[in-house]
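work15.txt (compact mmCIF, C-alpha atoms) appears below.
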```
# COMPACT_ATOMS: atom_id res chain seq x y z
CA MET A 1 205.92 109.31 100.85
CA SER A 2 205.78 111.26 97.64
CA ALA A 3 206.39 109.88 94.21
CA ALA A 4 206.57 111.72 90.93
CA ARG A 5 207.28 111.36 87.27
CA GLU A 6 207.76 113.83 84.43
CA SER A 7 206.21 113.50 80.97
CA ASP A 8 207.51 115.30 77.86
CA GLY A 9 209.65 117.46 80.11
CA ARG A 10 206.63 118.70 82.05
CA ALA A 11 205.58 117.80 85.57
CA VAL A 12 201.94 116.69 85.43
CA ALA A 13 200.24 116.02 88.77
CA ALA A 14 197.61 113.39 88.17
CA GLY A 15 197.36 111.26 91.28
CA GLY A 16 196.34 111.93 94.84
CA ALA A 17 197.88 110.80 98.08
CA ALA A 18 197.22 107.23 99.05
CA ARG A 19 195.38 106.67 102.32
CA GLY A 20 197.46 105.43 105.18
CA GLY A 21 200.73 106.61 103.65
CA GLY A 22 201.23 103.58 101.44
CA LEU A 23 202.34 103.52 97.85
CA ARG A 24 199.49 103.46 95.43
CA GLY A 25 199.47 101.59 92.14
CA ALA A 26 200.30 103.83 89.19
CA GLY A 27 197.97 102.16 86.69
CA GLU A 28 198.12 102.53 82.96
CA PRO A 29 198.84 105.98 81.51
CA ARG A 30 196.42 108.08 79.54
CA PRO A 31 197.79 109.95 76.52
CA ARG A 32 200.06 112.84 77.61
CA ARG A 33 199.00 112.41 81.23
CA LEU A 34 201.02 110.14 83.49
CA PRO A 35 200.13 109.46 87.13
CA THR A 36 202.63 111.14 89.39
CA ARG A 37 201.87 110.54 93.06
CA GLN A 38 202.01 107.38 95.15
CA GLY A 39 201.61 108.74 98.66
CA PRO A 40 201.82 111.79 100.92
CA PRO A 41 205.19 113.49 101.47
CA GLN A 42 207.02 113.17 104.76
CA SER A 43 207.38 116.37 106.80
CA LEU A 44 210.74 118.01 106.03
CA PRO A 45 212.39 121.19 107.27
CA PRO A 46 212.47 124.07 104.75
CA ARG A 47 215.32 123.85 102.23
CA ALA A 48 216.55 120.50 103.48
CA PRO A 49 219.56 118.91 101.79
CA ALA A 50 218.91 115.62 100.04
CA VAL A 51 220.58 112.46 98.88
CA PHE A 52 219.17 111.34 95.54
CA VAL A 53 219.80 107.63 95.34
CA ASP A 54 219.61 105.17 92.47
CA ARG A 55 217.64 101.96 92.95
CA ASP A 56 219.00 98.88 91.13
CA GLY A 57 222.60 98.12 92.01
CA THR A 58 222.65 100.74 94.76
CA LEU A 59 219.88 99.94 97.25
CA ASN A 60 218.93 96.53 95.90
CA ARG A 61 220.73 93.81 93.99
CA GLU A 62 221.24 94.53 90.31
CA VAL A 63 218.76 92.58 88.19
CA GLU A 64 218.46 93.24 84.47
CA TYR A 65 215.05 94.87 84.01
CA LEU A 66 213.65 94.05 87.43
CA ALA A 67 210.01 93.18 86.79
CA ARG A 68 208.92 91.01 89.74
CA VAL A 69 208.79 91.70 93.46
CA GLU A 70 210.18 88.20 94.02
CA ALA A 71 213.47 89.26 92.40
CA LEU A 72 213.92 92.24 94.74
CA HIS A 73 216.74 91.83 97.29
CA LEU A 74 218.06 94.65 99.48
CA LEU A 75 221.84 95.06 99.47
CA PRO A 76 223.67 94.81 102.80
CA GLY A 77 223.96 98.19 104.48
CA ALA A 78 221.31 99.88 102.32
CA ALA A 79 218.79 100.37 105.13
CA GLU A 80 221.46 101.50 107.57
CA GLY A 81 222.69 104.08 105.07
CA VAL A 82 219.20 105.51 104.58
CA ARG A 83 218.59 105.54 108.32
CA ARG A 84 221.85 107.36 109.09
CA LEU A 85 221.26 109.99 106.43
CA ARG A 86 217.78 110.82 107.66
CA ARG A 87 219.01 111.05 111.25
CA ALA A 88 221.68 113.48 110.04
CA GLY A 89 219.01 115.73 108.53
CA PHE A 90 219.03 114.65 104.89
CA ALA A 91 215.98 113.81 102.83
CA VAL A 92 216.54 110.52 100.99
CA VAL A 93 214.87 110.41 97.58
CA LEU A 94 214.88 107.48 95.17
CA VAL A 95 215.37 108.47 91.50
CA THR A 96 215.36 105.64 88.99
CA ASN A 97 215.23 105.00 85.25
CA GLN A 98 212.86 102.12 84.51
CA SER A 99 212.97 101.61 80.76
CA ALA A 100 211.54 98.13 81.35
CA VAL A 101 208.18 99.93 81.12
CA ALA A 102 208.98 101.25 77.64
CA ARG A 103 210.29 97.81 76.68
CA GLY A 104 206.99 96.21 77.66
CA LEU A 105 208.57 94.03 80.37
CA VAL A 106 206.57 95.55 83.24
CA ASP A 107 203.78 98.08 83.53
CA LEU A 108 203.58 101.15 85.77
CA ALA A 109 201.56 99.26 88.35
CA GLY A 110 204.30 96.61 88.49
CA VAL A 111 206.96 99.27 89.03
CA ALA A 112 204.83 100.79 91.79
CA ARG A 113 204.53 97.37 93.49
CA ILE A 114 208.30 96.87 93.39
CA ASN A 115 209.00 100.36 94.70
CA GLY A 116 206.37 99.90 97.37
CA GLU A 117 207.93 96.66 98.53
CA LEU A 118 211.37 98.27 98.57
CA ALA A 119 210.02 101.13 100.68
CA ARG A 120 208.26 98.66 102.99
CA ARG A 121 211.43 96.63 103.58
CA LEU A 122 213.46 99.75 104.27
CA ALA A 123 210.80 101.14 106.63
CA ALA A 124 210.73 97.83 108.51
CA ARG A 125 214.40 98.52 109.28
CA GLY A 126 213.74 102.09 110.38
CA ALA A 127 214.80 103.59 107.05
CA ARG A 128 212.07 105.64 105.38
CA LEU A 129 212.33 107.19 101.93
CA ASP A 130 211.10 110.75 101.47
CA GLY A 131 210.21 110.29 97.81
CA VAL A 132 210.23 107.87 94.90
CA TYR A 133 210.62 109.33 91.40
CA VAL A 134 210.56 107.18 88.27
CA CYS A 135 211.25 107.70 84.57
CA PRO A 136 209.53 104.96 82.51
CA HIS A 137 210.69 106.26 79.12
CA HIS A 138 213.25 105.26 76.52
CA PRO A 139 214.13 107.43 73.52
CA GLU A 140 214.55 104.56 71.03
CA VAL A 141 212.60 101.46 72.08
CA GLY A 142 208.97 100.65 72.77
CA ALA A 143 205.85 102.50 71.71
CA ALA A 144 204.01 105.65 72.70
CA PRO A 145 203.57 107.05 75.27
CA PHE A 146 206.82 105.64 76.67
CA ARG A 147 209.02 105.88 73.58
CA ARG A 148 210.02 109.52 73.79
CA ARG A 149 212.84 111.89 74.53
CA CYS A 150 212.10 113.27 77.96
CA ARG A 151 213.77 115.39 80.59
CA CYS A 152 213.22 112.91 83.37
CA ARG A 153 215.46 110.08 82.12
CA LYS A 154 218.79 110.22 83.95
CA PRO A 155 221.22 111.90 83.42
CA GLY A 156 218.58 114.50 82.58
CA PRO A 157 217.71 116.67 85.60
CA GLY A 158 213.90 116.36 85.46
CA LEU A 159 213.31 113.95 88.34
CA VAL A 160 215.65 115.74 90.73
CA ARG A 161 214.24 119.15 89.88
CA ARG A 162 210.70 117.87 90.38
CA ALA A 163 211.65 116.40 93.74
CA ALA A 164 213.29 119.67 94.78
CA ARG A 165 210.07 121.54 93.93
CA ASP A 166 207.80 118.98 95.58
CA LEU A 167 209.78 118.67 98.80
CA GLY A 168 211.44 122.09 99.06
CA LEU A 169 214.99 120.72 98.83
CA ASP A 170 218.27 122.63 98.62
CA LEU A 171 220.18 121.20 95.65
CA ALA A 172 223.32 123.19 96.48
CA ARG A 173 223.76 121.03 99.60
CA SER A 174 222.64 117.77 98.04
CA TYR A 175 224.26 114.60 96.68
CA CYS A 176 223.57 111.99 94.00
CA VAL A 177 224.55 108.38 94.69
CA GLY A 178 224.57 105.51 92.21
CA ASP A 179 226.51 102.81 90.42
CA ALA A 180 226.33 104.12 86.83
CA LEU A 181 227.63 106.96 84.70
CA VAL A 182 224.09 108.32 84.38
CA ASP A 183 224.02 108.88 88.15
CA LEU A 184 227.27 110.83 87.99
CA GLY A 185 225.92 112.77 85.04
CA LEU A 186 222.77 113.52 87.00
CA ALA A 187 224.89 115.13 89.71
CA ALA A 188 226.61 117.31 87.12
CA ALA A 189 223.27 118.29 85.58
CA THR A 190 221.77 119.30 88.93
CA GLY A 191 224.72 120.92 90.69
CA THR A 192 224.90 118.21 93.35
CA ARG A 193 227.93 116.20 94.49
CA ALA A 194 228.41 112.77 92.89
CA VAL A 195 229.15 109.63 94.89
CA LEU A 196 229.84 106.37 93.06
CA VAL A 197 229.16 103.06 94.82
CA LEU A 198 231.03 99.92 93.79
CA THR A 199 227.97 97.68 94.06
CA GLY A 200 225.94 96.79 90.97
CA HIS A 201 227.74 98.13 87.90
CA GLY A 202 229.92 100.35 90.07
CA ARG A 203 233.27 98.66 89.50
CA ARG A 204 232.77 98.69 85.75
CA THR A 205 231.78 102.35 85.97
CA ALA A 206 234.89 103.15 88.01
CA ARG A 207 237.10 101.57 85.35
CA ALA A 208 235.41 103.67 82.69
CA LEU A 209 236.03 107.02 84.42
CA ASP A 210 238.30 109.21 82.32
CA GLY A 211 238.40 112.44 84.30
CA ARG A 212 235.65 114.17 82.34
CA VAL A 213 233.01 113.24 84.92
CA ARG A 214 233.53 114.78 88.33
CA VAL A 215 233.18 112.33 91.24
CA ALA A 216 233.36 113.62 94.80
CA HIS A 217 233.85 110.18 96.32
CA VAL A 218 233.91 106.46 95.55
CA ALA A 219 232.38 104.21 98.25
CA THR A 220 232.22 100.44 98.60
CA ASN A 221 228.45 100.47 99.16
CA PHE A 222 225.57 102.75 100.10
CA ARG A 223 226.26 102.57 103.84
CA ALA A 224 229.84 103.74 103.25
CA ALA A 225 228.54 106.43 100.90
CA ALA A 226 226.17 107.67 103.61
CA GLU A 227 228.96 107.84 106.17
CA TRP A 228 231.13 109.86 103.80
CA ILE A 229 228.28 112.22 102.91
CA ILE A 230 227.55 112.95 106.56
CA ASP A 231 231.25 113.62 107.24
CA ASP A 232 231.59 115.73 104.10
CA ALA A 233 228.61 117.86 105.05
CA ARG A 234 230.11 118.45 108.51
CA ARG A 235 233.46 119.42 107.00
CA ARG A 236 231.79 121.85 104.65
CA ARG A 237 229.76 123.36 107.46
CA ARG A 238 232.91 123.91 109.51
CA ALA A 239 234.71 125.35 106.50
CA THR A 240 231.95 127.86 105.80
CA GLY A 241 231.34 128.67 109.45
CA GLY A 242 227.62 128.68 108.79
CA SER A 243 224.54 126.62 109.51
CA ARG A 244 223.56 125.88 105.89
CA TRP A 245 224.91 122.34 106.21
CA PRO A 246 223.22 119.73 108.39
```
Take the structure in the file and give it back as structure tokens.
Amino acid sequence: MSAARESDGRAVAAGGAARGGGLRGAGEPRPRRLPTRQGPPQSLPPRAPAVFVDRDGTLNREVEYLARVEALHLLPGAAEGVRRLRRAGFAVVLVTNQSAVARGLVDLAGVARINGELARRLAARGARLDGVYVCPHHPEVGAAPFRRRCRCRKPGPGLVRRAARDLGLDLARSYCVGDALVDLGLAAATGTRAVLVLTGHGRRTARALDGRVRVAHVATNFRAAAEWIIDDARRRRRATGGSRWP
């Protein structure tokens, strides 16, 4: 599994693949050089479509500034949604803002442990992630090197664009799924289709929609989102009469 991070708007490869395919601890950053890889990428077909999925409130229970593995709890249907998407030909890539790092509540190694445990629990249910991409920054809180305006913090497109380069993904056929306005904004910034889930902060986000943010679909949870995405891709393939959709 691949993991990546962007610093100052630039992708900086600093880590190697972990042996055995596991997630490797990110460690503490050096100035202007953040570790970016936590494991080898899964084999994907060229130009595969992807589902870029939020973490907290979408795959696992919403916890304010999740900083301990013990507080990690998968949401019902999360693993099944990942599994169905991958069987349908989608890459499933986690993209998450983790400003808890900038706030000093957890370090990069702690984030890597949490993401590793999430990946392990999903894999134990037959649901493997194709990538994990994290933004640890915040533009206004904390201290250098994490207090900065970056391109990787959602709704900025940096993480998705890095994943597309790393894994050879086709953004025109891809989707973004999450429970917050930043996830919907990420879809707009990357030319993907936005799916809002009503878990986590999703219901509050739904009430805040004012028509300026385009949402392709609202789903009760990630499993329902996955089902809709698979059906939508099939409809679009039939409508175009081509094979560019899975």
**Prompt:** What is the distance, in Å and to one decimal place, between CA of Arg148 (chain A) and CA of His201 (chain A)?
**Reply:** 25.4 Å
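When all atoms listed in the file are used to compute distances to Leu74 (chain A), the closest of the residues A:Arg235, A:Arg103, A:Arg47, A:Arg121 turns out to be A:Arg121.
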**Message:** Taking all atoms listed in the file into account, name the residue in A:Ala219, A:Val51, A:Val95, A:Leu169 that is nearest to Gly202 (chain A).
**Reply:** A:Ala219
**Prompt:** Quick one: of A:Leu66, A:Leu129, A:Ala206, A:Ala71, who's nearest to Asp107 (chain A), counting all atoms listed in the file?
**Reply:**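 Closest to Asp107 (chain A), using all atoms listed in the file: A:Leu66.
Nearest to Leu171 (chain A) of all the residues A:Cys150, A:Ala67, A:Ala189, A:Leu184 is A:Ala189, based on only C-alpha atoms.
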**Message:** Measuring between all atoms listed in the file, which one of A:Ala91, A:Arg147, A:Leu59, A:Leu181 shows the shortest distance to Pro76 (chain A)?
**Reply:** A:Leu59
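Computed from the coordinates, the CA of Gly57 (chain A) to CA of Arg223 (chain A) distance equals 13.2 Å.
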**Request:** Please provide as a PyMOL selection string all residues within 12 Å of Ala180 (chain A), with the sequence filter that same-chain residues fewer than 6 positions apart are discarded (counting only C-alpha atoms).
**Result:** chain A and resi 53-58+62+96-97+154-155+186-187+194-209+213+215+218
**Coordinates-based distance that separates CA of Val93 (chain A) from CA of Gly131 (chain A) (Å, one decimal)** =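 Going from CA of Gly131 (chain A) over to CA of Val93 (chain A) covers 4.7 Å.
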**Message:** I need every residue sitting at most 7 Å from the point (220.7, 108.9, 104.3) (coordinates as in the file, only C-alpha atoms considered), written as a PyMOL selection string.
**Reply:** chain A and resi 51+81-86+90-92+226
**Asked** Which is closest to Arg149 (chain A) among A:Ala102, A:Gly178, A:Leu122, A:Arg128, if we use only C-alpha atoms?
**Response**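 The shortest atom-to-atom distance to Arg149 (chain A) comes from A:Ala102.
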**Message:** Residues within 10 Å of Ala164 (chain A), please, as a list of chain:residue names. Count all atoms listed in the file; anything in the same chain fewer than 3 positions from it doesn't count.
**Reply:**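 These residues fall inside the cut-off: A:Arg47, A:Ala48, A:Pro49, A:Ala50, A:Val93, A:Gly158, A:Leu159, A:Val160, A:Arg161, A:Leu167, A:Gly168, A:Leu169, A:Asp170, A:Leu171.
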